[in-house]
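Containing mmCIF, C-alpha atoms and all ligand atoms: input21.cif.
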data_protein
#
loop_
_atom_site.label_atom_id
_atom_site.label_comp_id
_atom_site.auth_asym_id
_atom_site.auth_seq_id
_atom_site.Cartn_x
_atom_site.Cartn_y
_atom_site.Cartn_z
CA MET A 8 81.93 47.55 87.58
CA ILE A 9 80.82 44.23 89.04
CA LYS A 10 79.60 42.30 86.02
CA ASP A 11 77.78 39.42 87.73
CA PRO A 12 77.48 40.02 91.49
CA GLN A 13 76.57 36.43 92.31
CA THR A 14 79.46 34.74 90.46
CA PHE A 15 81.83 37.45 91.61
CA GLY A 16 80.73 36.99 95.23
CA LEU A 17 81.64 33.30 94.96
CA LEU A 18 85.10 34.17 93.63
CA VAL A 19 85.73 36.62 96.48
CA ASP A 20 84.56 34.01 99.04
CA ASN A 21 86.84 31.38 97.47
CA VAL A 22 89.85 33.71 97.55
CA SER A 23 89.10 34.72 101.13
CA ARG A 24 88.88 31.07 102.24
CA PHE A 25 92.06 30.22 100.32
CA VAL A 26 93.87 33.05 102.11
CA ARG A 27 92.73 31.83 105.53
CA GLU A 28 93.10 28.10 105.03
CA ARG A 29 96.07 27.81 102.67
CA LEU A 30 98.14 30.98 102.33
CA ILE A 31 98.36 32.30 105.89
CA PRO A 32 99.38 28.86 107.27
CA HIS A 33 102.24 28.78 104.72
CA GLU A 34 103.50 32.33 105.33
CA GLN A 35 106.21 31.52 107.84
CA THR A 36 107.67 28.67 105.75
CA VAL A 37 107.68 30.85 102.66
CA ALA A 38 109.57 33.56 104.56
CA GLU A 39 112.09 31.08 105.96
CA THR A 40 112.72 29.12 102.77
CA ASP A 41 112.32 32.04 100.33
CA GLU A 42 110.11 29.72 98.25
CA ILE A 43 106.39 29.30 97.65
CA PRO A 44 105.76 25.53 97.72
CA GLU A 45 104.72 23.90 94.45
CA THR A 46 101.46 22.63 96.01
CA VAL A 47 100.42 26.20 96.81
CA ARG A 48 101.44 27.40 93.33
CA ARG A 49 99.31 24.67 91.80
CA GLU A 50 96.32 25.66 93.90
CA MET A 51 96.84 29.29 92.87
CA ARG A 52 96.81 28.21 89.22
CA GLU A 53 93.66 26.11 89.77
CA LEU A 54 91.88 29.09 91.34
CA GLY A 55 92.62 31.12 88.20
CA LEU A 56 94.74 33.66 90.08
CA PHE A 57 97.33 34.02 87.31
CA GLY A 58 94.71 35.11 84.78
CA LEU A 59 92.41 37.35 86.85
CA THR A 60 92.76 40.31 84.49
CA ILE A 61 93.48 38.53 81.22
CA PRO A 62 90.47 38.72 78.87
CA GLU A 63 88.24 35.66 78.76
CA GLU A 64 88.89 35.06 75.06
CA TYR A 65 92.52 34.32 76.01
CA GLY A 66 91.64 32.02 78.89
CA GLY A 67 91.60 34.48 81.79
CA LEU A 68 88.79 35.54 84.10
CA GLY A 69 88.59 38.97 82.44
CA LEU A 70 87.90 40.85 85.69
CA SER A 71 87.02 44.52 85.51
CA MET A 72 89.28 46.91 87.45
CA GLU A 73 86.74 47.13 90.27
CA GLU A 74 86.57 43.35 90.47
CA GLU A 75 90.37 43.13 90.40
CA VAL A 76 90.82 45.52 93.33
CA ARG A 77 88.11 43.75 95.34
CA VAL A 78 89.94 40.42 94.86
CA LEU A 79 93.22 42.07 95.87
CA PHE A 80 91.67 43.44 99.07
CA GLU A 81 91.15 39.77 100.06
CA LEU A 82 94.24 38.12 98.57
CA CYS A 83 96.64 40.66 100.05
CA GLN A 84 95.62 39.84 103.59
CA ALA A 85 98.20 37.07 103.19
CA SER A 86 101.93 37.68 102.87
CA PRO A 87 102.72 39.99 99.88
CA ALA A 88 104.96 37.28 98.39
CA PHE A 89 101.88 35.38 97.19
CA ARG A 90 100.49 38.43 95.37
CA SER A 91 103.89 39.07 93.87
CA LEU A 92 103.89 35.65 92.21
CA ILE A 93 100.63 36.35 90.36
CA GLY A 94 101.10 40.13 90.18
CA THR A 95 103.17 40.38 87.02
CA ASN A 96 100.95 38.05 84.94
CA ASN A 97 97.92 40.14 85.91
CA GLY A 98 99.67 43.48 85.82
CA ILE A 99 102.89 44.92 84.52
CA GLY A 100 104.13 41.72 82.82
CA SER A 101 101.08 41.18 80.59
CA GLN A 102 99.48 44.61 80.28
CA ALA A 103 101.67 45.93 77.47
CA LEU A 104 100.55 42.95 75.38
CA ILE A 105 96.91 43.52 76.34
CA ILE A 106 97.04 47.28 75.70
CA ALA A 107 99.21 47.38 72.58
CA GLY A 108 99.97 43.84 71.38
CA SER A 109 98.93 42.49 67.98
CA GLU A 110 96.30 39.76 67.83
CA GLU A 111 99.00 37.23 66.96
CA GLN A 112 101.14 38.27 69.95
CA LYS A 113 98.15 38.01 72.28
CA GLN A 114 97.19 34.57 70.97
CA ARG A 115 100.75 33.39 71.36
CA TYR A 116 101.32 34.38 74.98
CA LEU A 117 98.19 35.37 76.88
CA PRO A 118 96.58 31.90 77.24
CA ARG A 119 99.76 30.53 78.83
CA LEU A 120 100.01 33.54 81.13
CA ALA A 121 96.36 33.15 82.15
CA SER A 122 96.87 29.51 83.11
CA GLY A 123 100.08 30.25 85.00
CA GLU A 124 102.08 27.96 82.71
CA LEU A 125 104.27 30.98 81.90
CA LEU A 126 105.32 33.83 84.19
CA ALA A 127 105.78 37.30 82.70
CA SER A 128 108.18 40.01 83.92
CA PHE A 129 108.32 43.73 83.18
CA ALA A 130 111.84 44.93 82.44
CA LEU A 131 111.97 48.74 82.54
CA THR A 132 114.28 49.70 85.43
CA GLU A 133 118.04 49.79 84.83
CA PRO A 134 121.08 50.44 87.03
CA GLU A 135 121.07 54.10 85.88
CA ALA A 136 117.36 54.54 85.05
CA GLY A 137 114.83 54.22 87.88
CA SER A 138 112.58 57.20 88.57
CA ASP A 139 113.82 58.73 85.29
CA ALA A 140 112.51 55.89 83.17
CA ALA A 141 112.92 57.76 79.87
CA SER A 142 116.70 57.81 80.33
CA LEU A 143 116.98 54.03 79.87
CA ARG A 144 119.96 52.86 77.84
CA THR A 145 119.23 49.27 76.83
CA SER A 146 119.41 49.29 73.03
CA ALA A 147 117.53 47.31 70.39
CA THR A 148 119.17 47.54 66.97
CA ARG A 149 117.32 46.33 63.89
CA GLU A 150 119.20 43.74 61.80
CA GLY A 151 117.01 42.36 59.01
CA ASN A 152 114.16 40.42 60.58
CA PHE A 153 115.69 40.64 64.05
CA TYR A 154 116.45 43.11 66.80
CA VAL A 155 119.68 42.78 68.77
CA LEU A 156 119.36 43.79 72.43
CA ASN A 157 122.19 45.01 74.66
CA GLY A 158 121.92 46.32 78.22
CA THR A 159 121.06 45.47 81.81
CA LYS A 160 117.73 45.61 83.65
CA ARG A 161 117.62 45.74 87.46
CA PHE A 162 115.32 44.58 90.32
CA ILE A 163 113.08 42.69 87.88
CA THR A 164 110.25 40.98 89.75
CA ASN A 165 109.75 37.29 88.94
CA ALA A 166 112.67 37.38 86.50
CA PRO A 167 114.31 34.24 87.94
CA GLU A 168 111.23 32.22 86.96
CA ALA A 169 109.88 34.22 84.03
CA GLY A 170 109.07 32.58 80.69
CA ILE A 171 108.71 35.94 78.92
CA PHE A 172 109.86 39.50 79.54
CA THR A 173 108.25 42.74 78.43
CA VAL A 174 111.41 44.72 77.72
CA LEU A 175 111.67 48.47 77.15
CA ALA A 176 114.62 49.32 74.92
CA ARG A 177 115.88 52.20 72.80
CA THR A 178 115.37 51.60 69.07
CA ASP A 179 116.26 55.11 67.94
CA PRO A 180 119.43 56.49 69.53
CA GLU A 181 118.87 59.85 67.79
CA ALA A 182 115.33 60.40 69.10
CA LYS A 183 115.12 62.24 72.40
CA ARG A 184 114.27 60.33 75.58
CA ALA A 185 110.78 58.74 75.48
CA ALA A 186 110.38 59.06 71.70
CA GLY A 187 113.13 56.53 70.95
CA ILE A 188 111.82 53.74 73.20
CA SER A 189 110.05 50.57 72.06
CA ALA A 190 108.57 47.57 73.86
CA PHE A 191 109.41 43.95 73.06
CA ILE A 192 108.57 40.45 74.18
CA VAL A 193 111.71 38.43 74.87
CA GLU A 194 111.42 34.74 75.63
CA ALA A 195 113.49 33.22 78.42
CA GLY A 196 116.21 30.97 77.07
CA THR A 197 116.96 33.22 74.07
CA PRO A 198 120.74 33.14 73.54
CA GLY A 199 122.30 36.34 74.87
CA LEU A 200 119.78 36.68 77.72
CA SER A 201 121.14 35.86 81.18
CA LEU A 202 120.09 36.46 84.77
CA GLY A 203 122.01 37.83 87.74
CA ARG A 204 121.91 36.27 91.18
CA ASN A 205 118.67 36.63 93.13
CA ASP A 206 118.63 39.90 95.08
CA LYS A 207 118.75 39.63 98.87
CA LYS A 208 115.86 41.82 99.93
CA MET A 209 114.75 43.45 103.20
CA GLY A 210 111.42 41.61 103.02
CA GLN A 211 108.95 39.87 100.71
CA HIS A 212 110.95 36.66 100.93
CA GLY A 213 109.47 34.14 98.54
CA ALA A 214 109.14 36.89 95.91
CA HIS A 215 112.18 36.95 93.68
CA THR A 216 113.96 39.70 91.77
CA CYS A 217 117.25 39.83 89.86
CA ASP A 218 119.14 41.57 87.07
CA VAL A 219 118.32 40.64 83.47
CA ILE A 220 121.28 41.02 81.12
CA PHE A 221 121.10 41.28 77.33
CA ASP A 222 124.35 40.66 75.50
CA ALA A 223 123.82 40.63 71.73
CA CYS A 224 120.45 38.99 72.35
CA ARG A 225 118.75 38.41 68.97
CA ILE A 226 114.96 38.35 68.95
CA PRO A 227 112.53 38.15 66.01
CA ALA A 228 111.36 41.57 64.76
CA ALA A 229 107.83 40.16 65.16
CA ASN A 230 108.29 40.50 68.93
CA LEU A 231 108.09 44.30 68.77
CA ILE A 232 104.88 44.92 70.74
CA GLY A 233 102.24 46.40 68.45
CA GLY A 234 104.67 46.31 65.51
CA GLN A 235 105.51 50.00 65.85
CA GLU A 236 108.75 51.53 67.06
CA GLY A 237 108.82 54.54 69.38
CA THR A 238 105.57 53.84 71.21
CA GLY A 239 107.05 51.75 74.04
CA PHE A 240 107.38 54.50 76.64
CA LYS A 241 103.75 55.58 76.36
CA THR A 242 102.66 51.96 76.58
CA ALA A 243 104.83 51.52 79.68
CA MET A 244 103.24 54.59 81.28
CA ARG A 245 99.77 53.23 80.57
CA VAL A 246 100.84 49.91 82.07
CA LEU A 247 102.03 51.77 85.18
CA ASP A 248 98.79 53.77 85.49
CA LYS A 249 96.96 50.51 85.98
CA GLY A 250 99.83 48.98 87.97
CA ARG A 251 99.74 51.82 90.50
CA LEU A 252 96.05 51.30 91.16
CA HIS A 253 96.75 47.58 91.53
CA ILE A 254 99.47 48.28 94.11
CA ALA A 255 97.18 50.68 95.98
CA ALA A 256 94.66 47.83 96.31
CA VAL A 257 97.46 45.56 97.52
CA CYS A 258 98.23 48.14 100.24
CA VAL A 259 94.60 48.15 101.37
CA GLY A 260 94.63 44.35 101.73
CA ALA A 261 97.91 44.29 103.64
CA ALA A 262 96.82 47.13 105.95
CA GLN A 263 93.56 45.30 106.67
CA ARG A 264 95.54 42.23 107.77
CA MET A 265 97.92 44.24 109.96
CA LEU A 266 95.03 46.08 111.63
CA GLN A 267 93.27 42.78 112.25
CA ASP A 268 96.41 41.29 113.83
CA ALA A 269 96.91 44.41 115.97
CA LEU A 270 93.29 44.39 117.13
CA ARG A 271 93.45 40.69 118.04
CA TYR A 272 96.66 41.26 119.98
CA ALA A 273 95.25 44.32 121.76
CA LEU A 274 92.29 42.26 122.95
CA GLU A 275 94.44 39.33 124.12
CA ARG A 276 97.34 41.17 125.71
CA ARG A 277 96.68 42.25 129.30
CA GLN A 278 98.55 44.91 131.23
CA PHE A 279 97.49 46.72 134.39
CA ASP A 280 94.85 43.95 134.82
CA GLN A 281 93.02 44.65 131.59
CA PRO A 282 93.31 44.07 127.83
CA ILE A 283 95.46 46.82 126.35
CA ALA A 284 92.57 47.48 123.89
CA GLU A 285 90.85 49.20 126.84
CA PHE A 286 93.48 51.95 126.88
CA GLN A 287 92.58 55.05 124.95
CA LEU A 288 96.11 55.56 123.62
CA ILE A 289 95.92 52.09 122.03
CA GLN A 290 92.41 52.86 120.79
CA ALA A 291 93.72 55.98 119.05
CA LEU A 292 96.25 53.87 117.13
CA LEU A 293 93.49 51.47 116.07
CA ALA A 294 91.04 54.23 115.17
CA ASP A 295 93.52 56.22 113.08
CA SER A 296 94.48 53.06 111.21
CA LYS A 297 90.87 52.12 110.48
CA THR A 298 90.03 55.64 109.32
CA GLU A 299 92.94 55.85 106.90
CA LEU A 300 92.33 52.32 105.67
CA TYR A 301 88.69 53.16 104.93
CA ALA A 302 89.74 56.29 103.05
CA ALA A 303 92.25 54.35 100.93
CA ARG A 304 89.72 51.64 100.18
CA CYS A 305 87.16 54.22 99.00
CA MET A 306 89.74 55.98 96.84
CA VAL A 307 90.86 52.76 95.20
CA GLN A 308 87.32 51.63 94.54
CA ASP A 309 86.36 55.02 93.09
CA ALA A 310 89.39 55.12 90.76
CA ALA A 311 88.72 51.53 89.68
CA GLN A 312 85.09 52.37 88.83
CA ARG A 313 86.24 55.41 86.86
CA ARG A 314 88.71 53.29 84.88
CA ASP A 315 85.95 50.79 84.13
CA ARG A 316 83.87 53.69 82.77
CA GLY A 317 86.71 54.49 80.36
CA GLU A 318 88.00 57.60 82.15
CA ASP A 319 91.70 58.50 82.14
CA ILE A 320 92.75 57.74 85.72
CA SER A 321 96.43 58.61 85.48
CA LEU A 322 96.10 61.31 88.18
CA GLU A 323 93.80 59.25 90.41
CA ALA A 324 96.09 56.19 90.16
CA SER A 325 98.97 58.29 91.48
CA CYS A 326 96.78 59.68 94.30
CA CYS A 327 95.78 56.13 95.24
CA LYS A 328 99.33 54.75 95.10
CA LEU A 329 100.68 57.67 97.15
CA PHE A 330 98.00 57.64 99.83
CA ALA A 331 97.51 53.88 100.13
CA SER A 332 101.21 53.01 100.31
CA GLU A 333 101.96 55.73 102.86
CA MET A 334 98.85 54.70 104.83
CA CYS A 335 100.05 51.10 104.76
CA GLY A 336 103.42 52.17 106.18
CA ARG A 337 101.72 54.09 109.00
CA VAL A 338 99.42 51.18 109.81
CA ALA A 339 102.44 48.83 109.89
CA ASP A 340 104.21 51.16 112.29
CA ARG A 341 101.19 51.48 114.61
CA ALA A 342 100.58 47.74 114.51
CA VAL A 343 104.17 47.08 115.63
CA GLN A 344 103.68 49.67 118.39
CA ILE A 345 100.51 47.95 119.62
CA HIS A 346 102.39 44.64 119.71
CA GLY A 347 105.10 46.26 121.85
CA GLY A 348 108.17 44.04 122.30
CA ALA A 349 106.39 41.19 120.51
CA GLY A 350 106.19 43.34 117.39
CA TYR A 351 109.96 43.19 117.08
CA ILE A 352 110.05 39.40 117.28
CA ALA A 353 109.90 37.24 114.15
CA ALA A 354 107.38 34.81 115.69
CA TYR A 355 104.72 37.50 115.16
CA ALA A 356 103.60 38.12 111.58
CA ILE A 357 103.68 41.89 112.07
CA GLU A 358 107.49 41.90 112.23
CA ARG A 359 107.55 40.41 108.71
CA PHE A 360 104.73 42.58 107.35
CA TYR A 361 106.50 45.72 108.61
CA ARG A 362 109.46 44.86 106.38
CA ASP A 363 107.35 43.52 103.50
CA VAL A 364 105.18 46.62 103.08
CA ARG A 365 108.14 49.02 102.99
CA LEU A 366 108.50 48.23 99.29
CA PHE A 367 105.06 49.62 98.43
CA ARG A 368 106.27 53.21 98.84
CA ILE A 369 109.10 52.55 96.40
CA TYR A 370 108.23 50.32 93.46
CA GLU A 371 106.03 51.18 90.45
CA GLY A 372 107.00 54.80 91.14
CA THR A 373 108.13 56.16 94.52
CA SER A 374 105.87 58.37 96.63
CA GLN A 375 107.91 61.32 95.41
CA ILE A 376 107.28 60.39 91.75
CA GLN A 377 103.55 60.16 92.52
CA GLN A 378 103.64 63.64 94.09
CA LEU A 379 105.42 64.98 91.03
CA LEU A 380 102.88 63.36 88.70
CA ILE A 381 99.85 64.60 90.64
CA ALA A 382 101.18 68.15 90.65
CA ARG A 383 102.02 67.96 86.93
CA HIS A 384 98.48 66.87 86.10
CA LEU A 385 97.00 69.69 88.17
CA ILE A 386 99.21 72.32 86.60
CA ARG A 387 98.61 71.00 83.09
CA ARG A 388 94.84 71.04 83.59
CA GLN A 389 94.87 74.54 85.02
CA THR A 390 97.01 75.99 82.26
CA ALA A 391 95.55 74.05 79.29
N1 LIG B 1 99.83 57.56 79.50
C1 LIG B 1 100.11 57.80 78.20
N2 LIG B 1 101.17 58.57 77.81
C2 LIG B 1 101.94 59.09 78.77
C3 LIG B 1 101.67 58.89 80.14
C4 LIG B 1 100.57 58.09 80.49
N3 LIG B 1 100.26 57.87 81.77
N4 LIG B 1 102.61 59.54 80.85
C5 LIG B 1 103.43 60.14 79.98
N5 LIG B 1 103.01 59.87 78.72
C6 LIG B 1 103.61 60.35 77.48
C7 LIG B 1 103.67 61.88 77.50
O1 LIG B 1 102.46 62.43 77.02
C8 LIG B 1 104.82 62.16 76.56
O2 LIG B 1 104.40 62.05 75.23
P1 LIG B 1 104.61 63.30 74.20
O3 LIG B 1 106.09 63.54 74.15
O4 LIG B 1 104.04 62.79 72.90
O5 LIG B 1 103.87 64.44 74.79
C9 LIG B 1 105.77 60.99 76.82
O6 LIG B 1 104.97 59.94 77.39
C10 LIG B 1 106.89 61.34 77.79
O7 LIG B 1 106.29 61.77 79.01
P2 LIG B 1 106.94 62.82 79.95
O8 LIG B 1 107.46 63.98 79.13
O9 LIG B 1 105.99 63.14 81.04
O10 LIG B 1 108.21 62.01 80.51
P3 LIG B 1 109.22 62.41 81.67
O11 LIG B 1 110.47 61.71 81.34
O12 LIG B 1 109.24 63.87 81.89
O13 LIG B 1 108.56 61.83 83.02
C11 LIG B 1 107.84 60.10 84.53
C12 LIG B 1 108.09 60.61 83.12
C13 LIG B 1 108.62 60.76 85.64
C14 LIG B 1 106.37 60.26 84.77
C15 LIG B 1 108.23 58.64 84.35
O14 LIG B 1 109.61 58.53 84.09
C16 LIG B 1 107.88 57.77 85.53
O15 LIG B 1 106.73 57.36 85.69
N6 LIG B 1 108.91 57.44 86.35
C17 LIG B 1 108.78 56.46 87.36
C18 LIG B 1 109.07 55.13 86.76
C19 LIG B 1 108.61 54.02 87.61
O16 LIG B 1 107.47 53.98 88.04
N7 LIG B 1 109.48 53.08 87.80
C20 LIG B 1 109.15 51.96 88.60
C21 LIG B 1 109.74 50.75 88.02
S1 LIG B 1 108.77 50.03 86.83
S2 LIG B 1 107.89 48.64 87.90
#

Show how you would write the structure in this file as structure tokens.
Amino acid sequence: MIKDPQTFGLLVDNVSRFVRERLIPHEQTVAETDEIPETVRREMRELGLFGLTIPEEYGGLGLSMEEEVRVLFELCQASPAFRSLIGTNNGIGSQALIIAGSEEQKQRYLPRLASGELLASFALTEPEAGSDAASLRTSATREGNFYVLNGTKRFITNAPEAGIFTVLARTDPEAKRAAGISAFIVEAGTPGLSLGRNDKKMGQHGAHTCDVIFDACRIPAANLIGGQEGTGFKTAMRVLDKGRLHIAAVCVGAAQRMLQDALRYALERRQFDQPIAEFQLIQALLADSKTELYAARCMVQDAAQRRDRGEDISLEASCCKLFASEMCGRVADRAVQIHGGAGYIAAYAIERFYRDVRLFRIYEGTSQIQQLLIARHLIRRQTA
């Protein structure tokens, strides 16, 4: 759903210009220093990028899902590290509050997330609980007007800079798996909360992850999201439904950039007295990439429109995440191939993108988890 095509068109144009004029020129420095410069962060805040999906009444732009994916198609033509910085405030870090938070909780945090004053992180994964999210062990024990948290969260995006964490923890040790899990907001700086060292990652330098450790961390009982125990897992799954569609749109943007770089290189690079773009074997790599990219874009847009119409898109979100992330990996591989030896050299952006996009097939549910979910939905529908 595009609410106001004219205003929305201006936003997309602004983001596209920002990508070309500000983000792409900074990519190499960000990769080398592992930092996004403060000037660029400020410009991202001024453009409203931290609050794209946060409702207008809390200071965000309140984009529909279709509008969100269309913005991501543009934004993600720059290094994925930039998207990662704004990704958690728009997605997994804020969505539990938006979906299930009380009015007071929303008022307290969403305006500062929308402005980019605060960063939010989503703390679900643990050392022993990744794909099997319902097996998480972090505990939250009620003591009067407080909960006391103990446990470790792993690979938490934006944790080193986060002001708040959406934390999934077990409030009922007797209840089986998902039923005993609740969601909380934990503020950075709360005694008992500490961070591990930043992870050294294969790619996406400039985007930071680390462990988040809770050691007798006391938080107000009022920070239980929605005020109800035992609903955290379902909220987390709803957060991930949207998150997976978001990541699929990210994949479309990144693949678009890689195809563009490969096409430019194929037209410039000459062998056998002609641009390599003239060779049919190179053309096949370009054509297959464009075809798959177009398919992913259509899927993502369709699922986004369905979500805006109020449909349950759990199955479609998994289809989009699976296809778009695998497509992105194939496009990255072909783009390196088209670059030949240059594709293996860090001076060319494709070398970095090849490493950066590898993560898309893993986080917010691996490709194998998406396959499992799609099949489960199909079987459930058939046998209902
Ligand atoms: N929306 C709402 N509720 C949902 C849901 C969704 N999308 N998915 C599951 N639920 C509900 C189920 O209906 C069930 O509730 P009931 O017991 O009342 O029926 C409950 O949540 C437990 O679901 P389920 O039985 O399917 O849980 P499982 O442990 O079998 O499987 C998977 C859950 C594998 C789907 C889950 O662990 C998962 O998504 N894993 C990947 C985690 C991930 O993406 N990690 C990435 C890191 S986070 S960035």

Could you please extract the residues within 10 Å of ligand LIG 1 (chain B), counting only C-alpha atoms and all ligand atoms, and hand them back as an NGL selection string?
-> :A and (95 or 98-100 or 128-133 or 136-143 or 161-164 or 183-186 or 238-251 or 319-322 or 324-325 or 369-377 or 379-381 or 383-384)

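Counting only C-alpha atoms and comparing A:Met8, A:Gly213, A:Leu288, A:Tyr355, the residue that lies closest to Glu168 (chain A) is A:Gly213.
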
Excluding Gln263 (chain A) and residues on its chain fewer than 4 positions from it, collect all residues at most 8 Å away from it, counting only C-alpha atoms, and give them as a PyMOL selection string.
-> chain A and resi 84+259+267+300

With C-alpha atoms retained, could you export that selection as a compact mmCIF listing (two decimals), keeping the file's coordinate frame?
# COMPACT_ATOMS: atom_id res chain seq x y z
CA GLN A 84 95.62 39.84 103.59
CA VAL A 259 94.60 48.15 101.37
CA GLN A 267 93.27 42.78 112.25
CA LEU A 300 92.33 52.32 105.67

Close residues, region 21-24 of chain A itself excluded, 12 Å, only C-alpha atoms, min 5 positions apart in chain, as a list in words = Thr14, Phe15, Gly16, Arg29, Leu30, Ile31, Pro32, Glu50, Met51, Glu53, Leu54, Gly55, Leu56, Leu59, Glu75, Arg77, Val78, Leu79, Phe80, Glu81, Leu82, Cys83, Gln84, Ala85, Arg90, Gly260 and Arg264 of chain A

With all atoms listed in the file counted, which protein, DNA or RNA residues have an atom no more than 8 Å from (123.3, 44.7, 79.3) in the file frame? Please answer as a VMD selection string.
-> chain A and resid 145 156 to 160 219 to 222

Check the smallest atom-to-atom distance from each of A:Gln13, A:Asp280, A:Ala121, A:Ile43 to Gly58 (chain A) using all atoms listed in the file, then report the winner.
->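 Ranking A:Gln13, A:Asp280, A:Ala121, A:Ile43 by distance to Gly58 (chain A), first place goes to A:Ala121.
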
Mind running region 232-330 of chain A against region 343-350 of chain A at 12 Å and telling me each contacting residue's nearest atom pair with the distance in Å (one decimal), counting only C-alpha atoms, chain and number ascending, as a Markdown table?
| residue | atom | partner | partner_atom | distance |
| --- | --- | --- | --- | --- |
| A:Met265 | CA | A:Val343 | CA | 8.9 |
| A:Leu266 | CA | A:Ile345 | CA | 9.9 |
| A:Gln267 | CA | A:Ile345 | CA | 11.6 |
| A:Asp268 | CA | A:His346 | CA | 9.0 |
| A:Ala269 | CA | A:Ile345 | CA | 6.2 |
| A:Leu270 | CA | A:Ile345 | CA | 8.4 |
| A:Arg271 | CA | A:His346 | CA | 9.9 |
| A:Tyr272 | CA | A:His346 | CA | 6.7 |
| A:Ala273 | CA | A:Ile345 | CA | 6.7 |
| A:Leu274 | CA | A:Ile345 | CA | 10.5 |
| A:Glu275 | CA | A:His346 | CA | 10.5 |
| A:Arg276 | CA | A:His346 | CA | 8.6 |
| A:Arg277 | CA | A:His346 | CA | 11.4 |
| A:Gln278 | CA | A:Gly347 | CA | 11.5 |
| A:Pro282 | CA | A:Ile345 | CA | 11.6 |
| A:Ile283 | CA | A:Ile345 | CA | 8.5 |
| A:Ala284 | CA | A:Ile345 | CA | 9.0 |
| A:Phe286 | CA | A:Ile345 | CA | 10.9 |
| A:Gln287 | CA | A:Ile345 | CA | 11.9 |
| A:Leu288 | CA | A:Ile345 | CA | 9.7 |
| A:Ile289 | CA | A:Ile345 | CA | 6.6 |
| A:Gln290 | CA | A:Ile345 | CA | 9.5 |
| A:Ala291 | CA | A:Ile345 | CA | 10.5 |
| A:Leu292 | CA | A:Ile345 | CA | 7.7 |
| A:Leu293 | CA | A:Ile345 | CA | 8.6 |
| A:Ser296 | CA | A:Ile345 | CA | 11.5 |

Neighbour list for Phe330 (chain A) as a PyMOL selection string, cut-off 9 Å, all atoms listed in the file, skip fewer than 3 positions in-chain | chain A and resi 255+299+302-303+306+325-327+333-335+374

Nearest to Pro118 (chain A) among A:Glu64, A:Glu34, A:Glu323, A:Asp309, with distances taken over only C-alpha atoms: which residue is it?
->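 Of the candidates, the smallest distance to Pro118 (chain A) is held by A:Glu64.
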
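When the distance limit is 7 Å and only C-alpha atoms are what count, the residues near Gly237 (chain A), minus those fewer than 5 positions from it on the same chain, are Ala186, Gly187, Ile188 and Ser189 of chain A.
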
Using CA of Leu117 (chain A) and CA of Ser71 (chain A) as the two end points, give the distance in Å to one decimal.
->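 Separating CA of Leu117 (chain A) from CA of Ser71 (chain A) is a distance of 16.8 Å.
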
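A straight line drawn from CA of Phe360 (chain A) to CA of Cys258 (chain A) is 11.1 Å long.
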
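Minimum distance to Ser86 (chain A) across A:Ala107, A:Ala356, A:Ala256, A:Ala382 (counting all atoms listed in the file) occurs at A:Ala356.
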
Test item: which residues lie within 9 Å of (111.4, 34.7, 78.1) counting only C-alpha atoms, as a PDB file with C-alpha atoms, in the frame of the given file:
ATOM      1  CA  LEU A 125     104.270  30.980  81.900  1.00  0.00           C
ATOM      2  CA  LEU A 126     105.320  33.830  84.190  1.00  0.00           C
ATOM      3  CA  ALA A 127     105.780  37.300  82.700  1.00  0.00           C
ATOM      4  CA  SER A 128     108.180  40.010  83.920  1.00  0.00           C
ATOM      5  CA  ALA A 166     112.670  37.380  86.500  1.00  0.00           C
ATOM      6  CA  ALA A 169     109.880  34.220  84.030  1.00  0.00           C
ATOM      7  CA  GLY A 170     109.070  32.580  80.690  1.00  0.00           C
ATOM      8  CA  ILE A 171     108.710  35.940  78.920  1.00  0.00           C
ATOM      9  CA  PHE A 172     109.860  39.500  79.540  1.00  0.00           C
ATOM     10  CA  THR A 173     108.250  42.740  78.430  1.00  0.00           C
ATOM     11  CA  ILE A 192     108.570  40.450  74.180  1.00  0.00           C
ATOM     12  CA  VAL A 193     111.710  38.430  74.870  1.00  0.00           C
ATOM     13  CA  GLU A 194     111.420  34.740  75.630  1.00  0.00           C
ATOM     14  CA  ALA A 195     113.490  33.220  78.420  1.00  0.00           C
ATOM     15  CA  GLY A 196     116.210  30.970  77.070  1.00  0.00           C
ATOM     16  CA  THR A 197     116.960  33.220  74.070  1.00  0.00           C
ATOM     17  CA  LEU A 200     119.780  36.680  77.720  1.00  0.00           C
TER      18      LEU A 200
END

d(CA of Phe153 (chain A), CA of Tyr65 (chain A)) in Å |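 So the two atoms, CA of Phe153 (chain A) and CA of Tyr65 (chain A), lie 26.8 Å apart.
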
A:Leu92, A:Ala262, A:Val307, A:Ala190: which is nearest Arg365 (chain A), counting only C-alpha atoms?
->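 Using only C-alpha atoms, Arg365 (chain A) sits closest to A:Ala262.
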